[in-house]
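Asker: Structure: work26.cif, mmCIF, C-alpha atoms, pLDDT in the B column; chains and numbers go by the auth columns.
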```cif
data_run
#
loop_
_atom_site.group_PDB
_atom_site.id
_atom_site.type_symbol
_atom_site.label_atom_id
_atom_site.label_comp_id
_atom_site.label_asym_id
_atom_site.label_seq_id
_atom_site.Cartn_x
_atom_site.Cartn_y
_atom_site.Cartn_z
_atom_site.B_iso_or_equiv
_atom_site.auth_seq_id
_atom_site.auth_asym_id
ATOM 1 C CA MET A 1 0.000 0.000 0.000 41.00 1 S
ATOM 2 C CA SER A 2 1.140 3.514 -0.703 40.00 2 S
ATOM 3 C CA GLN A 3 0.553 5.163 2.653 49.00 3 S
ATOM 4 C CA ILE A 4 1.725 4.386 6.168 56.00 4 S
ATOM 5 C CA ASN A 5 -1.379 3.036 7.855 67.00 5 S
ATOM 6 C CA LYS A 6 -2.071 3.475 11.546 92.00 6 S
ATOM 7 C CA GLY A 7 -4.001 0.868 13.465 96.00 7 S
ATOM 8 C CA PHE A 8 -4.040 -2.849 14.123 98.00 8 S
ATOM 9 C CA PHE A 9 -5.131 -6.010 12.356 98.00 9 S
ATOM 10 C CA ILE A 10 -6.916 -8.257 14.851 98.00 10 S
ATOM 11 C CA THR A 11 -6.501 -11.946 14.113 98.00 11 S
ATOM 12 C CA SER A 12 -6.621 -15.057 16.278 97.00 12 S
ATOM 13 C CA THR A 13 -5.381 -18.556 16.843 97.00 13 S
ATOM 14 C CA ASP A 14 -8.713 -19.988 15.668 93.00 14 S
ATOM 15 C CA THR A 15 -12.323 -19.087 14.983 90.00 15 S
ATOM 16 C CA GLY A 16 -14.612 -18.368 17.915 91.00 16 S
ATOM 17 C CA VAL A 17 -11.812 -17.067 20.142 95.00 17 S
ATOM 18 C CA GLY A 18 -13.352 -13.624 20.534 95.00 18 S
ATOM 19 C CA LYS A 19 -11.861 -11.286 17.935 97.00 19 S
ATOM 20 C CA THR A 20 -15.120 -9.353 17.717 96.00 20 S
ATOM 21 C CA VAL A 21 -15.343 -8.741 21.464 96.00 21 S
ATOM 22 C CA ILE A 22 -11.731 -7.559 21.576 97.00 22 S
ATOM 23 C CA THR A 23 -12.123 -5.375 18.477 97.00 23 S
ATOM 24 C CA ALA A 24 -15.307 -3.781 19.812 95.00 24 S
ATOM 25 C CA GLY A 25 -13.777 -3.322 23.263 95.00 25 S
ATOM 26 C CA LEU A 26 -10.722 -1.565 21.868 96.00 26 S
ATOM 27 C CA LEU A 27 -12.911 0.520 19.570 96.00 27 S
ATOM 28 C CA GLY A 28 -15.131 1.655 22.440 94.00 28 S
ATOM 29 C CA ALA A 29 -12.262 2.328 24.845 94.00 29 S
ATOM 30 C CA LEU A 30 -10.224 4.349 22.348 95.00 30 S
ATOM 31 C CA ARG A 31 -13.212 6.366 21.147 94.00 31 S
ATOM 32 C CA LYS A 32 -14.133 7.078 24.775 93.00 32 S
ATOM 33 C CA ARG A 33 -10.652 8.572 25.172 95.00 33 S
ATOM 34 C CA GLY A 34 -11.413 10.960 22.353 94.00 34 S
ATOM 35 C CA LEU A 35 -9.505 9.249 19.554 94.00 35 S
ATOM 36 C CA ASP A 36 -11.003 9.094 16.071 94.00 36 S
ATOM 37 C CA VAL A 37 -10.993 5.317 15.625 95.00 37 S
ATOM 38 C CA MET A 38 -12.935 3.187 13.143 94.00 38 S
ATOM 39 C CA ALA A 39 -13.298 -0.596 13.010 95.00 39 S
ATOM 40 C CA VAL A 40 -13.762 -2.606 9.831 96.00 40 S
ATOM 41 C CA LYS A 41 -14.745 -6.214 9.204 96.00 41 S
ATOM 42 C CA PRO A 42 -13.648 -6.593 5.558 96.00 42 S
ATOM 43 C CA ILE A 43 -15.151 -10.054 5.046 96.00 43 S
ATOM 44 C CA GLN A 44 -17.916 -11.605 7.127 95.00 44 S
ATOM 45 C CA SER A 45 -19.051 -15.167 6.636 94.00 45 S
ATOM 46 C CA GLY A 46 -22.067 -16.317 8.600 93.00 46 S
ATOM 47 C CA GLY A 47 -24.045 -13.115 8.050 93.00 47 S
ATOM 48 C CA ILE A 48 -27.516 -12.958 9.565 91.00 48 S
ATOM 49 C CA ARG A 49 -30.831 -11.881 8.034 89.00 49 S
ATOM 50 C CA ARG A 50 -32.475 -8.822 9.534 86.00 50 S
ATOM 51 C CA GLN A 51 -35.433 -7.191 7.806 83.00 51 S
ATOM 52 C CA ASN A 52 -34.559 -8.959 4.538 83.00 52 S
ATOM 53 C CA GLN A 53 -31.018 -7.602 4.676 86.00 53 S
ATOM 54 C CA LEU A 54 -27.862 -9.670 5.135 90.00 54 S
ATOM 55 C CA VAL A 55 -26.050 -8.152 8.095 90.00 55 S
ATOM 56 C CA SER A 56 -22.555 -8.663 9.467 92.00 56 S
ATOM 57 C CA GLU A 57 -23.172 -9.688 13.062 91.00 57 S
ATOM 58 C CA ASP A 58 -19.609 -8.714 13.999 92.00 58 S
ATOM 59 C CA ALA A 59 -19.786 -5.237 12.496 92.00 59 S
ATOM 60 C CA PHE A 60 -23.275 -4.754 13.950 91.00 60 S
ATOM 61 C CA PHE A 61 -21.791 -5.463 17.377 92.00 61 S
ATOM 62 C CA TYR A 62 -19.349 -2.567 16.930 93.00 62 S
ATOM 63 C CA SER A 63 -22.307 -0.228 16.563 88.00 63 S
ATOM 64 C CA THR A 64 -24.078 -1.593 19.646 88.00 64 S
ATOM 65 C CA VAL A 65 -21.158 -0.812 21.995 85.00 65 S
ATOM 66 C CA THR A 66 -20.188 2.566 20.506 87.00 66 S
ATOM 67 C CA ASP A 67 -21.832 5.648 19.059 83.00 67 S
ATOM 68 C CA LEU A 68 -21.156 4.452 15.510 84.00 68 S
ATOM 69 C CA PRO A 69 -24.196 3.779 13.321 81.00 69 S
ATOM 70 C CA TYR A 70 -24.329 0.433 11.515 79.00 70 S
ATOM 71 C CA THR A 71 -23.657 1.123 7.858 71.00 71 S
ATOM 72 C CA SER A 72 -22.850 -2.085 6.061 57.00 72 S
ATOM 73 C CA GLN A 73 -20.811 -0.459 3.295 69.00 73 S
ATOM 74 C CA GLU A 74 -18.572 1.317 5.797 84.00 74 S
ATOM 75 C CA LEU A 75 -18.080 -1.359 8.452 91.00 75 S
ATOM 76 C CA ASN A 76 -18.364 -4.478 6.295 92.00 76 S
ATOM 77 C CA PRO A 77 -17.948 -4.360 2.499 93.00 77 S
ATOM 78 C CA VAL A 78 -18.295 -8.137 1.928 95.00 78 S
ATOM 79 C CA CYS A 79 -20.932 -10.186 3.764 94.00 79 S
ATOM 80 C CA LEU A 80 -21.510 -13.884 3.031 96.00 80 S
ATOM 81 C CA GLU A 81 -24.349 -15.925 4.473 95.00 81 S
ATOM 82 C CA ALA A 82 -22.753 -19.359 4.905 95.00 82 S
ATOM 83 C CA ALA A 83 -20.842 -19.773 8.176 94.00 83 S
ATOM 84 C CA LEU A 84 -17.801 -21.244 6.437 96.00 84 S
ATOM 85 C CA ALA A 85 -14.326 -20.136 5.432 96.00 85 S
ATOM 86 C CA PRO A 86 -14.881 -17.075 3.211 96.00 86 S
ATOM 87 C CA ALA A 87 -13.397 -18.769 0.144 97.00 87 S
ATOM 88 C CA VAL A 88 -15.800 -21.702 0.503 97.00 88 S
ATOM 89 C CA ALA A 89 -18.809 -19.518 1.329 96.00 89 S
ATOM 90 C CA ALA A 90 -18.145 -17.263 -1.673 96.00 90 S
ATOM 91 C CA GLU A 91 -17.877 -20.248 -4.022 96.00 91 S
ATOM 92 C CA MET A 92 -21.117 -21.729 -2.710 96.00 92 S
ATOM 93 C CA GLU A 93 -22.944 -18.413 -3.134 95.00 93 S
ATOM 94 C CA GLY A 94 -21.489 -17.634 -6.537 96.00 94 S
ATOM 95 C CA ARG A 95 -19.748 -14.530 -5.233 94.00 95 S
ATOM 96 C CA ILE A 96 -16.389 -13.198 -6.417 94.00 96 S
ATOM 97 C CA ILE A 97 -14.329 -11.494 -3.722 94.00 97 S
ATOM 98 C CA SER A 98 -12.061 -8.745 -5.010 95.00 98 S
ATOM 99 C CA LEU A 99 -8.952 -8.178 -2.913 95.00 99 S
ATOM 100 C CA GLU A 100 -8.372 -4.897 -4.721 96.00 100 S
ATOM 101 C CA ALA A 101 -11.845 -3.623 -3.819 96.00 101 S
ATOM 102 C CA ILE A 102 -11.345 -4.583 -0.159 96.00 102 S
ATOM 103 C CA LEU A 103 -7.991 -2.816 -0.012 96.00 103 S
ATOM 104 C CA ASN A 104 -9.385 0.292 -1.700 96.00 104 S
ATOM 105 C CA HIS A 105 -12.205 0.353 0.846 95.00 105 S
ATOM 106 C CA PHE A 106 -9.716 0.047 3.692 96.00 106 S
ATOM 107 C CA GLU A 107 -7.572 2.864 2.318 95.00 107 S
ATOM 108 C CA ARG A 108 -10.594 5.159 2.132 94.00 108 S
ATOM 109 C CA ILE A 109 -11.480 4.420 5.755 93.00 109 S
ATOM 110 C CA ALA A 110 -7.890 4.693 6.990 94.00 110 S
ATOM 111 C CA ALA A 111 -7.463 8.066 5.277 93.00 111 S
ATOM 112 C CA LYS A 112 -10.401 9.506 7.218 92.00 112 S
ATOM 113 C CA HIS A 113 -9.510 8.332 10.738 93.00 113 S
ATOM 114 C CA GLN A 114 -6.617 8.464 13.191 94.00 114 S
ATOM 115 C CA LEU A 115 -6.627 4.718 13.759 96.00 115 S
ATOM 116 C CA THR A 116 -8.269 1.797 11.992 96.00 116 S
ATOM 117 C CA LEU A 117 -8.963 -1.570 13.611 97.00 117 S
ATOM 118 C CA VAL A 118 -9.394 -4.368 11.097 98.00 118 S
ATOM 119 C CA GLU A 119 -10.935 -7.650 12.224 98.00 119 S
ATOM 120 C CA GLY A 120 -9.922 -10.687 10.224 97.00 120 S
ATOM 121 C CA ALA A 121 -11.990 -13.794 9.515 95.00 121 S
ATOM 122 C CA GLY A 122 -11.105 -16.923 11.453 92.00 122 S
ATOM 123 C CA GLY A 123 -7.410 -17.519 12.041 95.00 123 S
ATOM 124 C CA ILE A 124 -4.425 -16.129 10.190 96.00 124 S
ATOM 125 C CA LEU A 125 -4.461 -18.856 7.530 96.00 125 S
ATOM 126 C CA ALA A 126 -8.186 -18.820 6.816 96.00 126 S
ATOM 127 C CA PRO A 127 -8.633 -18.816 3.016 97.00 127 S
ATOM 128 C CA LEU A 128 -10.307 -15.706 1.626 97.00 128 S
ATOM 129 C CA ILE A 129 -10.035 -16.154 -2.137 95.00 129 S
ATOM 130 C CA GLY A 130 -9.461 -19.703 -3.356 94.00 130 S
ATOM 131 C CA THR A 131 -6.469 -21.236 -1.617 93.00 131 S
ATOM 132 C CA LYS A 132 -4.006 -18.544 -2.655 90.00 132 S
ATOM 133 C CA VAL A 133 -5.202 -15.508 -0.660 96.00 133 S
ATOM 134 C CA THR A 134 -5.471 -15.855 3.111 97.00 134 S
ATOM 135 C CA VAL A 135 -6.013 -13.571 6.098 97.00 135 S
ATOM 136 C CA ALA A 136 -2.226 -13.216 6.324 97.00 136 S
ATOM 137 C CA ASP A 137 -2.120 -11.848 2.769 97.00 137 S
ATOM 138 C CA LEU A 138 -4.791 -9.291 3.622 97.00 138 S
ATOM 139 C CA ALA A 139 -2.915 -8.156 6.738 97.00 139 S
ATOM 140 C CA ALA A 140 0.326 -7.871 4.760 96.00 140 S
ATOM 141 C CA GLN A 141 -1.318 -5.743 2.080 96.00 141 S
ATOM 142 C CA MET A 142 -2.784 -3.420 4.721 96.00 142 S
ATOM 143 C CA SER A 143 0.631 -2.929 6.387 94.00 143 S
ATOM 144 C CA LEU A 144 -0.833 -3.163 9.876 96.00 144 S
ATOM 145 C CA PRO A 145 0.764 -4.824 12.921 97.00 145 S
ATOM 146 C CA LEU A 146 -1.132 -7.800 14.335 98.00 146 S
ATOM 147 C CA LEU A 147 -2.950 -8.217 17.597 98.00 147 S
ATOM 148 C CA ILE A 148 -3.436 -11.947 18.129 98.00 148 S
ATOM 149 C CA VAL A 149 -6.396 -13.075 20.227 98.00 149 S
ATOM 150 C CA ALA A 150 -5.832 -16.412 21.957 98.00 150 S
ATOM 151 C CA ARG A 151 -7.661 -18.783 24.283 97.00 151 S
ATOM 152 C CA PRO A 152 -6.496 -19.173 27.895 97.00 152 S
ATOM 153 C CA ASN A 153 -6.714 -22.940 28.288 96.00 153 S
ATOM 154 C CA LEU A 154 -4.556 -26.000 27.666 95.00 154 S
ATOM 155 C CA GLY A 155 -3.291 -26.123 24.074 95.00 155 S
ATOM 156 C CA THR A 156 -3.118 -22.389 23.591 97.00 156 S
ATOM 157 C CA VAL A 157 0.686 -22.287 23.872 98.00 157 S
ATOM 158 C CA ASN A 158 1.019 -24.443 20.768 98.00 158 S
ATOM 159 C CA HIS A 159 -1.676 -22.608 18.798 97.00 159 S
ATOM 160 C CA THR A 160 -0.386 -19.159 19.731 98.00 160 S
ATOM 161 C CA CYS A 161 3.284 -19.920 19.099 98.00 161 S
ATOM 162 C CA LEU A 162 2.443 -21.406 15.703 98.00 162 S
ATOM 163 C CA THR A 163 0.398 -18.321 14.795 98.00 163 S
ATOM 164 C CA VAL A 164 3.224 -15.963 15.785 98.00 164 S
ATOM 165 C CA ALA A 165 5.808 -18.087 13.964 98.00 165 S
ATOM 166 C CA TYR A 166 3.780 -18.079 10.763 98.00 166 S
ATOM 167 C CA ALA A 167 3.254 -14.336 10.998 98.00 167 S
ATOM 168 C CA GLN A 168 6.998 -13.845 11.389 97.00 168 S
ATOM 169 C CA SER A 169 7.689 -16.096 8.405 97.00 169 S
ATOM 170 C CA ARG A 170 5.477 -13.786 6.333 96.00 170 S
ATOM 171 C CA GLY A 171 7.231 -10.665 7.577 96.00 171 S
ATOM 172 C CA LEU A 172 4.249 -9.570 9.653 97.00 172 S
ATOM 173 C CA LYS A 173 4.884 -7.705 12.889 97.00 173 S
ATOM 174 C CA THR A 174 2.949 -8.859 15.954 97.00 174 S
ATOM 175 C CA ALA A 175 2.360 -5.978 18.348 97.00 175 S
ATOM 176 C CA GLY A 176 0.959 -8.175 21.079 98.00 176 S
ATOM 177 C CA ILE A 177 -1.198 -11.054 22.219 98.00 177 S
ATOM 178 C CA ILE A 178 -4.502 -10.739 24.060 98.00 178 S
ATOM 179 C CA ILE A 179 -5.764 -13.751 25.957 98.00 179 S
ATOM 180 C CA ASN A 180 -9.550 -13.731 25.935 98.00 180 S
ATOM 181 C CA MET A 181 -12.179 -15.488 28.091 97.00 181 S
ATOM 182 C CA TYR A 182 -9.773 -15.691 31.035 97.00 182 S
ATOM 183 C CA ASP A 183 -11.391 -16.873 34.267 95.00 183 S
ATOM 184 C CA HIS A 184 -9.541 -14.816 36.872 95.00 184 S
ATOM 185 C CA GLN A 185 -11.413 -16.423 39.768 93.00 185 S
ATOM 186 C CA ASN A 186 -10.940 -20.075 38.804 94.00 186 S
ATOM 187 C CA ALA A 187 -7.799 -20.165 36.664 95.00 187 S
ATOM 188 C CA GLY A 188 -6.054 -23.528 36.756 96.00 188 S
ATOM 189 C CA THR A 189 -2.340 -24.206 36.509 97.00 189 S
ATOM 190 C CA ALA A 190 -2.377 -24.174 32.687 96.00 190 S
ATOM 191 C CA GLU A 191 -4.223 -20.856 32.558 97.00 191 S
ATOM 192 C CA ARG A 192 -1.895 -19.249 35.118 97.00 192 S
ATOM 193 C CA THR A 193 1.316 -20.402 33.432 98.00 193 S
ATOM 194 C CA ASN A 194 0.353 -20.072 29.758 98.00 194 S
ATOM 195 C CA PRO A 195 0.827 -16.270 29.468 98.00 195 S
ATOM 196 C CA GLY A 196 4.414 -16.439 30.727 98.00 196 S
ATOM 197 C CA LEU A 197 5.238 -19.400 28.499 98.00 197 S
ATOM 198 C CA ILE A 198 3.795 -17.655 25.454 98.00 198 S
ATOM 199 C CA GLU A 199 5.802 -14.488 26.111 98.00 199 S
ATOM 200 C CA ALA A 200 9.011 -16.436 26.693 98.00 200 S
ATOM 201 C CA MET A 201 8.605 -18.633 23.621 98.00 201 S
ATOM 202 C CA THR A 202 7.479 -15.970 21.158 98.00 202 S
ATOM 203 C CA GLY A 203 9.177 -12.816 22.416 98.00 203 S
ATOM 204 C CA VAL A 204 5.793 -11.076 21.970 98.00 204 S
ATOM 205 C CA PRO A 205 4.141 -9.375 24.964 98.00 205 S
ATOM 206 C CA VAL A 206 0.837 -10.590 26.356 98.00 206 S
ATOM 207 C CA LEU A 207 -1.023 -7.295 26.594 98.00 207 S
ATOM 208 C CA GLY A 208 -3.980 -8.430 28.649 96.00 208 S
ATOM 209 C CA LEU A 209 -6.065 -11.217 30.150 98.00 209 S
ATOM 210 C CA VAL A 210 -9.640 -10.341 29.242 97.00 210 S
ATOM 211 C CA PRO A 211 -12.432 -12.052 31.216 96.00 211 S
ATOM 212 C CA LYS A 212 -15.347 -13.728 29.502 85.00 212 S
ATOM 213 C CA VAL A 213 -18.288 -11.337 29.178 80.00 213 S
ATOM 214 C CA LYS A 214 -21.899 -11.823 28.173 75.00 214 S
#
```
Kindly transcribe the structure held in the file into structure tokens.
Answerer:
Amino acid sequence: MSQINKGFFITSTDTGVGKTVITAGLLGALRKRGLDVMAVKPIQSGGIRRQNQLVSEDAFFYSTVTDLPYTSQELNPVCLEAALAPAVAAEMEGRIISLEAILNHFERIAAKHQLTLVEGAGGILAPLIGTKVTVADLAAQMSLPLLIVARPNLGTVNHTCLTVAYAQSRGLKTAGIIINMYDHQNAGTAERTNPGLIEAMTGVPVLGLVPKVK
């Protein structure tokens, strides 16, 4: 991309880890501090029907926790109905996803705001267009550092270290790791020791342990 973009690309170690909650939380907190921040969900699969309109549930959530109105073209340019990997959902629905159009949309948003938070789809290797374009390719084209959302429980060390290692192999910078759905009251030995292990093994800071919220 031609310009130096300011913001973060939020990805995760898997689907269902809580990227949307973290993205919306950061969006709300930063806007509450007076910063001009926008969040974007470039590709949503698993869109929901509301009043005969296909809606990005993730992008809609941004608008419910902030003062931003839900405008599908601004917050989510591509919405697919099937809750599958975007490449598979697009093929099933006869849709063609244009990486160029997504990047142009992002550049327009980024040019208008101080910071832009971009929420990926699934994990870093989720296929977006065929098998050749993945979430990692999108992040690389946007020139944004990663925030990786991870689970707290047993197995997360492996998943998180692999995600960081792949990002590094692609030349992507990881700004930090956020562990989501952390049970501060009942954390077991794995949950208590995982953050330190992840930091030591990846060299990437764990920025926070976010509790599970409704």
Asker: Could you list the residues chosen by the PyMOL selection byres ((chain S and resi 34-42) around 6) in this structure as a list in words?
Answerer: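 Evaluating the PyMOL selection byres ((chain S and resi 34-42) around 6) on this file yields Leu30, Arg31, Lys32, Arg33, Ile43, Leu75, Asn76, Pro77, His113, Gln114, Leu115, Thr116, Leu117, Val118 and Glu119 of chain S.
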Asker: The selected residues should be written to file as a PDB file, in the frame of the given file (atoms: C-alpha atoms).
Answerer:
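Contents of the output file selection22.pdb:
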```
ATOM      1  CA  LEU S  30     -10.224   4.349  22.348  1.00 95.00           C
ATOM      2  CA  ARG S  31     -13.212   6.366  21.147  1.00 94.00           C
ATOM      3  CA  LYS S  32     -14.133   7.078  24.775  1.00 93.00           C
ATOM      4  CA  ARG S  33     -10.652   8.572  25.172  1.00 95.00           C
ATOM      5  CA  ILE S  43     -15.151 -10.054   5.046  1.00 96.00           C
ATOM      6  CA  LEU S  75     -18.080  -1.359   8.452  1.00 91.00           C
ATOM      7  CA  ASN S  76     -18.364  -4.478   6.295  1.00 92.00           C
ATOM      8  CA  PRO S  77     -17.948  -4.360   2.499  1.00 93.00           C
ATOM      9  CA  HIS S 113      -9.510   8.332  10.738  1.00 93.00           C
ATOM     10  CA  GLN S 114      -6.617   8.464  13.191  1.00 94.00           C
ATOM     11  CA  LEU S 115      -6.627   4.718  13.759  1.00 96.00           C
ATOM     12  CA  THR S 116      -8.269   1.797  11.992  1.00 96.00           C
ATOM     13  CA  LEU S 117      -8.963  -1.570  13.611  1.00 97.00           C
ATOM     14  CA  VAL S 118      -9.394  -4.368  11.097  1.00 98.00           C
ATOM     15  CA  GLU S 119     -10.935  -7.650  12.224  1.00 98.00           C
TER      16      GLU S 119
END
```
Asker: Enclose segment 174-177 of chain S, meaning all of its atoms listed in the file, in a box aligned along x, y and z, pad it by 8 Å on each side, and list the centre and edge lengths in Å to one decimal, as lines of an AutoDock Vina configuration file.
Answerer:
```
center_x = 0.9
center_y = -8.5
center_z = 19.1
size_x = 20.1
size_y = 21.1
size_z = 22.3
```
Asker: Rounded to one decimal place, report the atom CA of Asn180 of chain S-atom CA of Pro205 of chain S distance in Å.
Answerer: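 These atoms are spaced 14.4 Å apart.
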Asker: Using atom CA of Leu144 of chain S and atom CA of Ala83 of chain S as the two end points, give the distance in Å to one decimal.
Answerer: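 Atom-to-atom, atom CA of Leu144 of chain S to atom CA of Ala83 of chain S, that is 26.1 Å.
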Asker: Residues around (-16.6, -11.2, -6.1), cut-off 12 Å, counting all atoms listed in the file - what are they as a ChimeraX atom specification?
Answerer: /S:43,77-80,86-87,89-102,128-130
Asker: Write out as number ranges by chain the residues lying within 8 Å of Glu191 of chain S, counting all atoms listed in the file and excluding same-chain residues fewer than 2 positions away.
Answerer: S: 152-154, 182, 187-189, 193-195
Asker: So which residues touch Glu81 of chain S within 7 Å, counting all atoms listed in the file, skipping near sequence neighbours fewer than 6 positions away, as a list in words?
Answerer: Ser45, Gly46, Gly47 and Ile48 of chain S
Asker: Hey, can you spit out that residue selection with C-alpha atoms as a compact mmCIF listing (two decimals), in the coordinates of the input?
Answerer:
```
# COMPACT_ATOMS: atom_id res chain seq x y z
CA SER S 45 -19.05 -15.17 6.64
CA GLY S 46 -22.07 -16.32 8.60
CA GLY S 47 -24.04 -13.12 8.05
CA ILE S 48 -27.52 -12.96 9.56
```
Asker: Go ahead and compute the interatomic distance for atom CA of Ala82 of chain S and atom CA of Ala59 of chain S, in Å to one decimal.
Answerer: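 These two atoms are separated by 16.3 Å.
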Asker: Using only C-alpha atoms, what residues lie at most 8 Å away from (-5.9, -15.5, 7.4) (file coordinates), given as a list of chain:residue names?
Answerer: S:Thr11, S:Gly120, S:Ala121, S:Gly122, S:Gly123, S:Ile124, S:Leu125, S:Ala126, S:Pro127, S:Leu128, S:Thr134, S:Val135, S:Ala136, S:Asp137, S:Leu138, S:Ala139
Asker: Evaluate the PyMOL selection byres ((chain S and resi 24) around 10) here and jot the selected residues down as number ranges by chain.
Answerer: S: 19-23, 25-30, 38-39, 58-66, 117, 119
Asker: Quick check on the file I pasted: which residues fall under the PyMOL selection byres ((chain S and resi 165) around 12)? Write them as a PyMOL selection string.
Answerer: chain S and resi 13+124+148+157-164+166-174+198+201-204
Asker: Ranking S:Thr131, S:Ser12, S:Asn186, S:Asn52 by minimum distance to Leu146 of chain S and counting all atoms listed in the file, which one comes first?
Answerer: S:Ser12
Asker: Compare S:Leu209, S:Val133, S:Leu68, S:Ile177 by their minimum atom-to-atom distance to Arg192 of chain S, counting all atoms listed in the file, and give me the closest one.
Answerer: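 Of all the options, S:Leu209 lies closest to Arg192 of chain S.
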Asker: Between S:Glu74, S:Glu57, S:Gly196, S:Lys214, which is the closest to Ile109 of chain S once you count all atoms listed in the file?
Answerer: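 Nearest candidate to Ile109 of chain S out of S:Glu74, S:Glu57, S:Gly196, S:Lys214: S:Glu74.
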Asker: Nearest residue to Ile179 of chain S out of S:Ile10, S:Ala110, S:Val55, S:Val149, using all atoms listed in the file?
Answerer: S:Val149
Asker: Could I see segment 145-160 of chain S restored to N, CA and C atoms, set down as a short mmCIF file (atom, residue, chain, number, x, y, z; two decimals), keeping the file's coordinate frame?
Answerer:
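The new file out.cif reads:
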```cif
data_model
loop_
_atom_site.label_atom_id
_atom_site.label_comp_id
_atom_site.auth_asym_id
_atom_site.auth_seq_id
_atom_site.Cartn_x
_atom_site.Cartn_y
_atom_site.Cartn_z
N PRO S 145 0.27 -3.82 11.97
CA PRO S 145 0.76 -4.82 12.92
C PRO S 145 -0.40 -5.66 13.46
N LEU S 146 -0.10 -6.88 13.86
CA LEU S 146 -1.13 -7.80 14.34
C LEU S 146 -1.35 -7.69 15.84
N LEU S 147 -2.60 -7.86 16.24
CA LEU S 147 -2.95 -8.22 17.60
C LEU S 147 -3.56 -9.61 17.50
N ILE S 148 -2.97 -10.56 18.21
CA ILE S 148 -3.44 -11.95 18.13
C ILE S 148 -4.27 -12.27 19.37
N VAL S 149 -5.51 -12.68 19.13
CA VAL S 149 -6.40 -13.08 20.23
C VAL S 149 -6.28 -14.58 20.41
N ALA S 150 -6.07 -15.00 21.67
CA ALA S 150 -5.83 -16.41 21.96
C ALA S 150 -6.73 -16.88 23.09
N ARG S 151 -6.92 -18.18 23.17
CA ARG S 151 -7.66 -18.78 24.28
C ARG S 151 -6.75 -18.90 25.51
N PRO S 152 -7.33 -19.07 26.70
CA PRO S 152 -6.50 -19.17 27.90
C PRO S 152 -6.10 -20.60 28.27
N ASN S 153 -6.79 -21.60 27.73
CA ASN S 153 -6.71 -22.94 28.29
C ASN S 153 -5.61 -23.81 27.67
N LEU S 154 -5.56 -25.05 28.12
CA LEU S 154 -4.56 -26.00 27.67
C LEU S 154 -4.59 -26.12 26.14
N GLY S 155 -3.40 -26.06 25.53
CA GLY S 155 -3.29 -26.12 24.07
C GLY S 155 -3.02 -24.77 23.44
N THR S 156 -3.28 -23.72 24.18
CA THR S 156 -3.12 -22.39 23.59
C THR S 156 -1.66 -22.02 23.35
N VAL S 157 -0.73 -22.59 24.10
CA VAL S 157 0.69 -22.29 23.87
C VAL S 157 1.08 -22.72 22.46
N ASN S 158 0.71 -23.94 22.10
CA ASN S 158 1.02 -24.44 20.77
C ASN S 158 0.36 -23.60 19.68
N HIS S 159 -0.94 -23.36 19.82
CA HIS S 159 -1.68 -22.61 18.80
C HIS S 159 -1.14 -21.18 18.65
N THR S 160 -0.83 -20.55 19.77
CA THR S 160 -0.39 -19.16 19.73
C THR S 160 1.03 -19.05 19.17
#
```
